[in-house]
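Structure file model.tsv; described as TSV, C-alpha atoms.
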chain	number	residue	atom	x	y	z
A	1	MET	CA	0.00	0.00	0.00
A	2	LYS	CA	1.11	3.56	-0.77
A	3	SER	CA	2.44	5.38	2.26
A	4	VAL	CA	0.42	8.44	3.21
A	5	THR	CA	1.35	11.37	5.38
A	6	LYS	CA	-1.99	13.13	5.53
A	7	ALA	CA	-5.38	11.50	5.91
A	8	TYR	CA	-8.32	12.42	3.70
A	9	GLN	CA	-11.77	11.83	5.14
A	10	PRO	CA	-13.97	9.80	5.17
A	11	ILE	CA	-11.53	6.91	4.69
A	12	SER	CA	-9.01	5.93	7.36
A	13	TRP	CA	-5.40	5.68	6.24
A	14	PRO	CA	-2.66	3.46	7.64
A	15	MET	CA	-0.49	5.57	9.90
A	16	LYS	CA	1.48	5.21	13.10
A	17	GLY	CA	-0.23	6.35	16.25
A	18	ALA	CA	-3.81	5.34	15.41
A	19	GLY	CA	-4.49	4.97	19.12
A	20	GLY	CA	-2.75	8.24	20.00
A	21	ASP	CA	0.68	8.49	21.60
A	22	THR	CA	0.38	5.15	23.35
A	23	GLY	CA	3.65	5.70	25.22
A	24	SER	CA	1.65	7.65	27.78
A	25	TRP	CA	-0.06	4.39	28.89
A	26	ARG	CA	3.25	3.10	30.21
A	27	THR	CA	3.96	2.64	33.92
A	28	HIS	CA	7.31	0.87	33.46
A	29	ARG	CA	9.86	1.64	30.76
A	30	PRO	CA	12.05	-1.08	29.17
A	31	VAL	CA	15.75	-0.15	29.21
A	32	VAL	CA	18.28	-2.09	27.11
A	33	ASP	CA	21.70	-2.89	28.57
A	34	THR	CA	23.84	-2.85	25.41
A	35	GLU	CA	26.68	-4.76	27.08
A	36	LYS	CA	24.53	-7.78	27.92
A	37	CYS	CA	22.60	-7.66	24.63
A	38	THR	CA	23.60	-10.35	22.12
A	39	LYS	CA	21.27	-9.01	19.37
A	40	CYS	CA	19.32	-12.28	19.18
A	41	GLN	CA	16.23	-10.23	18.13
A	42	PHE	CA	13.83	-12.15	20.41
A	43	CYS	CA	12.49	-8.85	21.80
A	44	TRP	CA	11.89	-7.60	18.27
A	45	ALA	CA	10.01	-10.77	17.30
A	46	PHE	CA	7.74	-10.81	20.35
A	47	CYS	CA	7.05	-7.06	20.66
A	48	PRO	CA	3.30	-6.71	19.92
A	49	GLU	CA	3.74	-3.05	19.11
A	50	ALA	CA	6.65	-3.25	16.63
A	51	VAL	CA	8.51	-0.48	18.45
A	52	ILE	CA	11.88	-2.23	18.71
A	53	ASP	CA	14.48	-1.57	16.02
A	54	ARG	CA	15.82	-4.87	14.78
A	55	LYS	CA	19.44	-3.89	14.09
A	56	GLU	CA	20.21	-1.45	16.88
A	57	ILE	CA	17.82	-2.84	19.55
A	58	THR	CA	16.53	0.62	20.40
A	59	ILE	CA	12.98	1.28	21.56
A	60	ASP	CA	10.58	3.92	20.26
A	61	TYR	CA	9.29	5.30	23.57
A	62	ARG	CA	6.65	7.38	21.86
A	63	TYR	CA	4.55	4.27	21.22
A	64	CYS	CA	5.93	1.63	23.62
A	65	LYS	CA	3.09	0.59	25.96
A	66	GLY	CA	5.45	-0.92	28.53
A	67	CYS	CA	3.97	-4.43	28.55
A	68	GLY	CA	7.30	-5.99	29.50
A	69	VAL	CA	7.14	-8.94	27.07
A	70	CYS	CA	10.60	-7.98	25.74
A	71	ALA	CA	12.09	-8.05	29.25
A	72	ALA	CA	10.42	-11.37	30.09
A	73	GLU	CA	11.58	-13.01	26.86
A	74	CYS	CA	15.15	-11.67	26.76
A	75	PRO	CA	17.41	-14.74	27.20
A	76	THR	CA	20.32	-12.77	28.67
A	77	GLY	CA	18.28	-10.44	30.88
A	78	ALA	CA	19.57	-7.37	29.05
A	79	ILE	CA	16.22	-5.57	29.21
A	80	SER	CA	15.03	-4.31	32.57
A	81	MET	CA	11.75	-2.58	33.39
A	82	GLU	CA	12.26	0.68	35.23
A	83	MET	CA	9.57	2.67	36.97
A	84	GLU	CA	8.34	5.61	34.89
A	85	GLU	CA	8.80	8.96	36.61
B	1	MET	CA	12.47	-26.86	11.08
B	2	ALA	CA	10.72	-23.61	11.56
B	3	THR	CA	12.13	-20.34	10.21
B	4	SER	CA	14.52	-18.77	12.74
B	5	ILE	CA	13.74	-15.33	14.13
B	6	LYS	CA	16.74	-13.73	12.39
B	7	LYS	CA	15.44	-14.84	8.98
B	8	LEU	CA	11.98	-13.28	9.38
B	9	PRO	CA	11.40	-10.40	6.92
B	10	ASP	CA	11.54	-6.74	7.97
B	11	ILE	CA	8.09	-5.78	6.67
B	12	GLU	CA	5.68	-4.44	9.32
B	13	GLN	CA	1.96	-4.55	8.57
B	14	VAL	CA	0.85	-3.75	12.12
B	15	LEU	CA	1.82	-0.17	12.81
B	16	SER	CA	3.10	1.18	16.14
B	17	GLY	CA	0.70	3.07	18.35
B	18	ASN	CA	-2.48	1.13	17.62
B	19	GLY	CA	-5.25	0.85	20.18
B	20	ALA	CA	-4.57	-2.68	21.48
B	21	CYS	CA	-3.74	-3.36	25.14
B	22	GLY	CA	-0.07	-3.57	26.03
B	23	GLY	CA	1.14	-7.14	25.50
B	24	CYS	CA	-1.81	-8.03	23.27
B	25	PRO	CA	-1.31	-11.49	21.72
B	26	ALA	CA	-3.65	-10.67	18.82
B	27	THR	CA	-1.40	-7.90	17.46
B	28	MET	CA	1.62	-10.09	18.21
B	29	GLY	CA	0.17	-12.84	16.03
B	30	LEU	CA	-1.04	-10.42	13.38
B	31	ARG	CA	2.47	-8.98	13.03
B	32	MET	CA	3.79	-12.44	12.11
B	33	VAL	CA	0.87	-12.98	9.74
B	34	GLY	CA	1.70	-9.63	8.12
B	35	LYS	CA	5.30	-10.67	7.60
B	36	ALA	CA	4.17	-13.76	5.72
B	37	LEU	CA	1.31	-12.25	3.71
B	38	GLY	CA	2.97	-8.96	2.74
B	39	PRO	CA	1.15	-5.79	1.74
B	40	ASN	CA	-0.86	-7.29	-1.13
B	41	ALA	CA	-3.84	-8.53	0.90
B	42	ILE	CA	-7.37	-7.59	1.89
B	43	MET	CA	-8.34	-7.91	5.54
B	44	LEU	CA	-11.82	-8.58	6.87
B	45	LEU	CA	-12.65	-8.08	10.52
B	46	THR	CA	-15.74	-9.05	12.45
B	47	PRO	CA	-16.43	-7.36	15.81
B	48	SER	CA	-13.54	-8.32	18.05
B	49	CYS	CA	-10.68	-6.75	19.97
B	50	SER	CA	-8.78	-6.30	16.72
B	51	VAL	CA	-11.43	-3.92	15.42
B	52	ALA	CA	-11.16	-1.84	18.58
B	53	SER	CA	-7.37	-1.79	18.29
B	54	MET	CA	-7.47	-0.43	14.74
B	55	GLY	CA	-7.49	3.03	16.29
B	56	MET	CA	-9.53	6.12	15.60
B	57	THR	CA	-10.51	7.75	12.30
B	58	PRO	CA	-8.72	9.15	10.28
B	59	LYS	CA	-5.87	6.83	11.20
B	60	LEU	CA	-5.70	3.06	10.79
B	61	GLY	CA	-3.41	0.77	12.75
B	62	TYR	CA	-3.06	-1.94	10.09
B	63	ASN	CA	-1.34	-1.42	6.76
B	64	TRP	CA	-3.98	-3.24	4.67
B	65	PRO	CA	-7.33	-2.30	3.20
B	66	CYS	CA	-9.60	-3.30	6.09
B	67	ILE	CA	-13.31	-4.06	5.90
B	68	ASN	CA	-15.38	-4.24	9.06
B	69	ILE	CA	-18.28	-6.65	8.66
B	70	THR	CA	-21.03	-8.10	10.81
B	71	PHE	CA	-20.34	-10.79	13.36
B	72	ALA	CA	-21.93	-13.74	11.60
B	73	SER	CA	-20.69	-13.02	8.09
B	74	ALA	CA	-16.92	-13.58	8.08
B	75	GLY	CA	-17.08	-16.64	5.82
B	76	SER	CA	-19.65	-15.32	3.38
B	77	SER	CA	-18.10	-11.84	3.04
B	78	ALA	CA	-14.65	-13.30	2.40
B	79	SER	CA	-16.14	-15.66	-0.21
B	80	GLY	CA	-17.75	-12.74	-1.97
B	81	ILE	CA	-14.59	-10.65	-2.05
B	82	ALA	CA	-12.36	-13.57	-3.10
B	83	ASN	CA	-14.69	-14.38	-6.00
B	84	ALA	CA	-15.14	-10.73	-6.98
B	85	VAL	CA	-11.39	-10.17	-7.17
B	86	GLU	CA	-10.96	-13.22	-9.39
B	87	ILE	CA	-13.71	-12.12	-11.76
B	88	MET	CA	-12.34	-8.56	-11.94
B	89	LYS	CA	-9.01	-10.06	-12.93
B	90	GLU	CA	-10.68	-12.21	-15.60
B	91	LYS	CA	-12.45	-9.18	-17.06
B	92	GLY	CA	-9.23	-7.17	-17.08
B	93	ARG	CA	-10.38	-4.54	-14.61
B	94	PHE	CA	-7.64	-5.50	-12.24
B	95	GLN	CA	-3.94	-5.61	-13.05
B	96	GLY	CA	-1.09	-7.33	-11.27
B	97	GLU	CA	-0.96	-10.14	-8.76
B	98	LEU	CA	-4.19	-11.21	-7.04
B	99	PRO	CA	-4.39	-10.00	-3.43
B	100	THR	CA	-4.71	-12.58	-0.66
B	101	VAL	CA	-8.11	-12.29	0.99
B	102	PHE	CA	-8.07	-13.13	4.68
B	103	THR	CA	-10.32	-12.77	7.68
B	104	TRP	CA	-9.06	-11.97	11.16
B	105	VAL	CA	-11.73	-13.20	13.53
B	106	GLY	CA	-11.85	-13.98	17.24
B	107	ASP	CA	-13.02	-17.25	18.69
B	108	GLY	CA	-16.57	-15.98	19.17
B	109	GLY	CA	-16.86	-15.17	15.46
B	110	THR	CA	-15.50	-18.60	14.60
B	111	TYR	CA	-16.72	-21.13	17.15
B	112	ASP	CA	-20.17	-19.73	17.86
B	113	ILE	CA	-21.63	-16.86	15.90
B	114	GLY	CA	-19.71	-17.16	12.64
B	115	PHE	CA	-19.72	-20.93	12.37
B	116	GLN	CA	-22.55	-21.27	9.87
B	117	ALA	CA	-21.00	-18.88	7.31
B	118	LEU	CA	-17.54	-20.39	7.86
B	119	SER	CA	-18.83	-23.92	7.41
B	120	ALA	CA	-20.60	-22.95	4.20
B	121	ALA	CA	-17.51	-21.19	2.82
B	122	ALA	CA	-15.37	-24.23	3.67
B	123	GLU	CA	-17.81	-26.52	1.91
B	124	ARG	CA	-17.68	-24.29	-1.21
B	125	ASN	CA	-13.85	-24.27	-0.93
B	126	ASP	CA	-13.58	-20.54	-1.66
B	127	ASN	CA	-10.10	-19.11	-2.06
B	128	PHE	CA	-9.25	-17.24	1.16
B	129	ILE	CA	-7.49	-17.72	4.49
B	130	PHE	CA	-9.61	-17.78	7.63
B	131	PHE	CA	-7.60	-16.79	10.69
B	132	CYS	CA	-9.08	-17.41	14.11
B	133	TYR	CA	-7.19	-15.86	16.99
B	134	ASN	CA	-8.43	-17.82	19.91
B	135	ASN	CA	-8.32	-16.22	23.36
B	136	GLU	CA	-10.87	-18.70	24.72
B	137	ALA	CA	-13.53	-16.13	25.68
B	138	TYR	CA	-15.38	-13.03	24.44
B	139	SER	CA	-12.65	-10.75	25.79
B	140	ASN	CA	-13.70	-7.61	23.94
B	141	THR	CA	-17.03	-7.38	25.75
B	142	GLY	CA	-15.61	-8.21	29.17
B	143	VAL	CA	-14.87	-11.96	29.17
B	144	GLN	CA	-17.96	-14.06	28.62
B	145	ARG	CA	-17.87	-17.79	27.91
B	146	SER	CA	-17.56	-19.01	24.33
B	147	GLY	CA	-17.37	-22.39	22.63
B	148	ALA	CA	-13.59	-22.19	22.94
B	149	THR	CA	-13.56	-21.75	26.72
B	150	PRO	CA	-12.08	-24.84	28.37
B	151	ARG	CA	-13.65	-26.69	31.29
B	152	GLY	CA	-13.22	-25.19	34.75
B	153	THR	CA	-12.70	-21.62	33.52
B	154	PHE	CA	-14.09	-18.60	35.33
B	155	THR	CA	-15.79	-16.07	33.07
B	156	THR	CA	-18.43	-13.49	33.93
B	157	THR	CA	-21.15	-15.82	32.63
B	158	THR	CA	-19.69	-18.93	34.30
B	159	PRO	CA	-18.94	-17.66	37.82
B	160	THR	CA	-18.57	-21.18	39.23
B	161	GLY	CA	-16.43	-22.44	36.38
B	162	LYS	CA	-17.50	-23.73	32.98
B	163	ARG	CA	-18.84	-27.27	33.20
B	164	GLN	CA	-18.40	-28.29	29.55
B	165	PRO	CA	-15.17	-28.93	27.62
B	166	LYS	CA	-14.21	-26.82	24.59
B	167	LYS	CA	-14.72	-28.05	21.06
B	168	ASN	CA	-11.93	-28.93	18.66
B	169	MET	CA	-12.65	-26.39	15.95
B	170	ALA	CA	-9.54	-27.06	13.84
B	171	LEU	CA	-10.53	-30.72	13.58
B	172	LEU	CA	-14.07	-29.73	12.61
B	173	MET	CA	-12.61	-27.64	9.79
B	174	LEU	CA	-10.43	-30.57	8.72
B	175	GLU	CA	-13.59	-32.66	8.36
B	176	HIS	CA	-14.86	-30.12	5.83
B	177	HIS	CA	-12.16	-31.53	3.50
B	178	ILE	CA	-10.44	-28.20	2.91
B	179	PRO	CA	-6.87	-28.22	1.54
B	180	TYR	CA	-5.10	-26.71	4.54
B	181	VAL	CA	-5.76	-26.52	8.27
B	182	ALA	CA	-3.21	-25.47	10.87
B	183	THR	CA	-2.96	-24.49	14.51
B	184	ALA	CA	-0.27	-22.15	15.83
B	185	THR	CA	0.48	-19.90	18.77
B	186	VAL	CA	2.32	-16.65	19.43
B	187	ALA	CA	5.22	-18.25	21.35
B	188	TYR	CA	6.46	-19.96	18.17
B	189	PRO	CA	6.65	-17.12	15.59
B	190	GLY	CA	8.76	-19.05	13.08
B	191	ASP	CA	6.26	-21.89	13.06
B	192	LEU	CA	3.35	-19.46	12.62
B	193	TYR	CA	5.19	-17.66	9.80
B	194	ASP	CA	5.85	-20.91	7.93
B	195	LYS	CA	2.24	-22.01	8.22
B	196	VAL	CA	0.89	-18.71	6.89
B	197	LEU	CA	3.40	-18.76	4.04
B	198	LYS	CA	2.29	-22.28	3.12
B	199	ALA	CA	-1.39	-21.33	3.33
B	200	LYS	CA	-0.76	-18.36	1.03
B	201	SER	CA	0.63	-20.65	-1.69
B	202	ILE	CA	-2.33	-23.09	-1.65
B	203	PRO	CA	-5.50	-22.28	-3.63
B	204	GLY	CA	-8.81	-22.94	-1.90
B	205	MET	CA	-10.03	-22.47	1.65
B	206	LYS	CA	-7.41	-22.36	4.39
B	207	TYR	CA	-8.03	-22.30	8.13
B	208	ILE	CA	-5.38	-21.24	10.66
B	209	GLU	CA	-6.10	-20.99	14.35
B	210	ILE	CA	-3.76	-19.04	16.63
B	211	LEU	CA	-3.90	-19.45	20.39
B	212	ALA	CA	-3.71	-15.95	21.89
B	213	PRO	CA	-3.43	-15.91	25.69
B	214	CYS	CA	-5.27	-12.73	26.70
B	215	TYR	CA	-3.88	-11.51	30.02
B	216	LEU	CA	-7.09	-9.68	30.84
B	217	GLY	CA	-9.36	-12.67	30.29
B	218	TRP	CA	-6.98	-15.29	31.62
B	219	GLN	CA	-5.93	-13.10	34.55
B	220	PHE	CA	-2.16	-13.27	34.58
B	221	ASP	CA	0.54	-10.58	34.42
B	222	MET	CA	0.80	-8.98	30.99
B	223	HIS	CA	4.53	-9.67	30.56
B	224	ASP	CA	3.81	-13.43	30.76
B	225	THR	CA	1.80	-13.50	27.50
B	226	VAL	CA	4.42	-15.43	25.52
B	227	GLN	CA	5.32	-17.58	28.51
B	228	MET	CA	1.69	-18.62	28.94
B	229	SER	CA	1.39	-19.49	25.29
B	230	ARG	CA	4.52	-21.64	25.58
B	231	MET	CA	3.18	-23.37	28.71
B	232	ALA	CA	-0.08	-24.16	26.94
B	233	VAL	CA	1.84	-26.01	24.24
B	234	ARG	CA	4.24	-27.77	26.62
B	235	SER	CA	1.43	-29.00	28.85
B	236	GLY	CA	-0.48	-30.31	25.83
B	237	ALA	CA	-3.43	-27.95	26.38
B	238	TRP	CA	-2.75	-26.64	22.86
B	239	LEU	CA	-1.45	-28.90	20.09
B	240	LEU	CA	0.50	-27.50	17.14
B	241	TRP	CA	-0.33	-29.31	13.93
B	242	GLU	CA	-1.04	-28.77	10.28
B	243	ALA	CA	-2.98	-30.84	7.77
B	244	GLU	CA	-2.33	-30.65	4.07
B	245	ASN	CA	-5.06	-32.39	2.07
B	246	GLY	CA	-6.21	-34.24	5.16
B	247	LYS	CA	-2.85	-35.58	6.28
B	248	ILE	CA	-2.05	-34.41	9.81
B	249	SER	CA	1.55	-33.69	10.81
B	250	PHE	CA	2.53	-32.28	14.20
B	251	SER	CA	5.00	-29.45	14.73
B	252	ASN	CA	7.53	-29.32	17.54
B	253	PRO	CA	7.21	-29.40	20.52
B	254	SER	CA	3.76	-31.00	20.15
B	255	ALA	CA	5.27	-33.66	17.87
B	256	SER	CA	7.40	-35.04	20.71
B	257	ILE	CA	4.41	-35.07	23.07
B	258	ILE	CA	2.30	-36.96	20.53
B	259	SER	CA	5.04	-39.47	19.68
B	260	GLY	CA	5.67	-40.05	23.39
B	261	LYS	CA	9.32	-39.01	23.11
B	262	LYS	CA	8.74	-36.36	25.75
B	263	ALA	CA	5.94	-36.48	28.30
B	264	ALA	CA	3.64	-33.45	28.45
B	265	GLU	CA	4.26	-31.24	31.46
B	266	SER	CA	1.71	-31.47	34.24
B	267	VAL	CA	-1.15	-29.03	33.82
B	268	ASP	CA	-0.79	-27.77	37.43
B	269	ASP	CA	1.73	-24.99	36.70
B	270	TYR	CA	-0.21	-23.80	33.68
B	271	VAL	CA	-3.50	-23.76	35.57
B	272	MET	CA	-2.21	-22.22	38.79
B	273	LYS	CA	-0.59	-19.29	37.01
B	274	GLN	CA	-3.93	-18.14	35.61
B	275	GLY	CA	-6.49	-16.33	37.71
B	276	ARG	CA	-9.33	-17.74	35.59
B	277	PHE	CA	-8.61	-21.23	36.93
B	278	ASN	CA	-7.01	-20.77	40.31
B	279	ARG	CA	-9.80	-18.71	41.86
B	280	LEU	CA	-11.98	-21.80	41.48
B	281	LEU	CA	-9.30	-24.17	42.69
B	282	LYS	CA	-9.29	-22.84	46.22
B	283	GLY	CA	-12.43	-24.80	47.13
B	284	PRO	CA	-12.58	-28.31	48.67
B	285	ASP	CA	-13.03	-30.05	45.28
B	286	ALA	CA	-9.83	-28.56	43.78
B	287	ALA	CA	-8.11	-31.92	43.17
B	288	GLN	CA	-11.13	-33.24	41.30
B	289	ARG	CA	-11.33	-30.09	39.15
B	290	ILE	CA	-7.67	-30.30	38.16
B	291	ALA	CA	-8.17	-33.97	37.33
B	292	GLU	CA	-11.06	-32.99	35.06
B	293	ILE	CA	-8.93	-30.40	33.23
B	294	GLN	CA	-6.06	-32.91	32.91
B	295	GLY	CA	-8.54	-35.53	31.69
B	296	ASP	CA	-9.76	-33.27	28.87
B	297	ILE	CA	-6.17	-32.62	27.78
B	298	ASN	CA	-5.23	-36.31	27.88
B	299	ARG	CA	-8.31	-37.20	25.86
B	300	GLU	CA	-7.45	-34.62	23.22
B	301	ILE	CA	-3.83	-35.84	22.94
B	302	ALA	CA	-4.93	-39.48	22.66
B	303	PHE	CA	-7.62	-38.60	20.12
B	304	MET	CA	-5.34	-36.51	17.90
B	305	ARG	CA	-2.63	-39.17	18.05
B	306	GLU	CA	-5.02	-41.77	16.65
B	307	ARG	CA	-6.65	-39.34	14.21
B	308	ALA	CA	-3.26	-38.53	12.69
B	309	LYS	CA	-2.82	-42.21	11.81
B	310	ILE	CA	-5.80	-42.10	9.47
B	311	VAL	CA	-4.55	-41.25	6.00
B	312	TYR	CA	-6.82	-41.49	3.03
Final structure tokens representation of the file:
Amino acid sequence: MKSVTKAYQPISWPMKGAGGDTGSWRTHRPVVDTEKCTKCQFCWAFCPEAVIDRKEITIDYRYCKGCGVCAAECPTGAISMEMEE
Amino acid sequence: MATSIKKLPDIEQVLSGNGACGGCPATMGLRMVGKALGPNAIMLLTPSCSVASMGMTPKLGYNWPCINITFASAGSSASGIANAVEIMKEKGRFQGELPTVFTWVGDGGTYDIGFQALSAAAERNDNFIFFCYNNEAYSNTGVQRSGATPRGTFTTTTPTGKRQPKKNMALLMLEHHIPYVATATVAYPGDLYDKVLKAKSIPGMKYIEILAPCYLGWQFDMHDTVQMSRMAVRSGAWLLWEAENGKISFSNPSASIISGKKAAESVDDYVMKQGRFNRLLKGPDAAQRIAEIQGDINREIAFMRERAKIVY
């Protein structure tokens, strides 16, 4: 499908942030320890929100809902969930 | 051997910031489906959590043309669209590769309300993929019992635990003599990806059922979603198999449980971790209730083991 930057009513267009800035739902934030990370990409595969970058293992905090699946599935324990301030 | 995680394609069809709950297994599964199907597809949704998680107008959380249809009509609507697309191609009104038509329906729209239309579409062998993401209750409306709810489960309509076992929907679809039936779950993304890719290449009606442990309905912590899905498979409560033209083959780790190479884990851990079971297991008849749940699982394993031996 063609990528769109502006929506034209009455049809909905595929765009990021259809549910708003879902990062505000978060109570705990996943933090990646780059030293422990082996780049196995498990977190990327299991992230329901597709916010994890596959190559760099960085997280898009604008949309991350803080479910903690990445931290629970990380085989080396490189992702920890820290309380949101 | 299932595709390894590193070999999965980069394409994302589920966009960030959709309206699903954090840790939603439905979007998790749909992401993998999207990787296998690619952008050239038409998606049909009946009322379910996935419709709610599409987000608000004018934005859409899924990168496909999406059609929202009535609850009972998933099979018939998909049949209509699949046939229409083929005829448009024949008449030359449509250029390029034919899009894959698929439905993304919850267990209510498959097991109960949508069964008649699905059964009819399967009998006609129309060319589309029917996905059922099974969270074993009507989670979108606040967790009511459905045909997929297993015995002993607490829901708001079964406050003392459901007394009946669930039905084996994938096997029912197999008995419609459709070319491809498969079961999968979110904890094994490579396996799910392979099955969708295979279904895409086969003409005719395909049915794929994905177990989606909903943390809200099943009452566990949301970071355990994948863990719970894995425990369901390891305890034998969910069997991973596929059937091409009626011949059943099991995928790992269900294959080793079926062949007896590895015994299924006891259901206790799986049951006790979920609030939907363990709130009922605090009574005096707890041992009997667990035995009932274990009995249902053992029956299903024994039945599927023998059913797989029938090749025609």
Which residues come within 9 Å of range 25-41 of chain A, counting all atoms listed in the file, excluding same-chain residues fewer than 3 positions away, as a ChimeraX atom specification?
-> /A:21-22,44-46,54-59,61,63-68,70-71,74-85 /B:5-6,22
Distance-based interface of chain B with chain A, 6 Å, counting all atoms listed in the file, as a PyMOL selection string = chain B and resi 15-19+22-23+27-28+55-63+223
Separation of CA of Ser249 in chain B from CA of Ala308 in chain B in Å = 7.1 Å
What is the CA of Ala237 in chain B to CA of Gly109 in chain B distance in Å?
->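 Separation of CA of Ala237 in chain B and CA of Gly109 in chain B: 21.5 Å.
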Point (1.1, -30.8, 32.6), cut-off 8 Å, counting only C-alpha atoms, residues as an mmCIF file with C-alpha atoms, in the frame of the given file:
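Output file part39.cif follows:
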data_model
loop_
_atom_site.group_PDB
_atom_site.id
_atom_site.type_symbol
_atom_site.label_atom_id
_atom_site.label_comp_id
_atom_site.auth_asym_id
_atom_site.auth_seq_id
_atom_site.Cartn_x
_atom_site.Cartn_y
_atom_site.Cartn_z
ATOM 1 C CA ARG B 234 4.240 -27.770 26.620
ATOM 2 C CA SER B 235 1.430 -29.000 28.850
ATOM 3 C CA GLY B 236 -0.480 -30.310 25.830
ATOM 4 C CA ALA B 264 3.640 -33.450 28.450
ATOM 5 C CA GLU B 265 4.260 -31.240 31.460
ATOM 6 C CA SER B 266 1.710 -31.470 34.240
ATOM 7 C CA VAL B 267 -1.150 -29.030 33.820
ATOM 8 C CA ASP B 268 -0.790 -27.770 37.430
ATOM 9 C CA ASP B 269 1.730 -24.990 36.700
ATOM 10 C CA TYR B 270 -0.210 -23.800 33.680
ATOM 11 C CA GLN B 294 -6.060 -32.910 32.910
#
Exercise: residues within 9 Å of coordinate (-7.7, -19.5, 37.4), counting only C-alpha atoms, as a PyMOL selection string | chain B and resi 152-154+218-220+271-281
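Atom to atom, CA of Gly114 in chain B and CA of Pro47 in chain B stand 10.8 Å apart.
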Go through B:Ala52, B:Ala170, B:Pro284, B:Asn127 one by one, measure the shortest atom-to-atom distance of each to Ser201 in chain B using all atoms listed in the file, and give the residue with the smallest value.
-> B:Asn127
Which neighbours of Gly75 in chain B fall inside 12 Å, counting only C-alpha atoms, when residues of the same chain fewer than 4 positions from it are skipped, and could you give them as a PyMOL selection string?
-> chain B and resi 44-46+69-71+79-82+101-105+109-110+113-132+205-207
Non-local contacts of Thr157 in chain B (12 Å; all atoms listed in the file; under 5 positions in same chain excluded) as a PyMOL selection string = chain B and resi 137-138+141-146+149+162-163
Find the axis-aligned box for range 174-189 of chain B, covering all its listed atoms and adding 4 Å on each side, and write its centre and edge lengths in Å to one decimal as JSON.
{"center_x": -4.1, "center_y": -24.7, "center_z": 11.4, "size_x": 29.5, "size_y": 24.0, "size_z": 27.8}
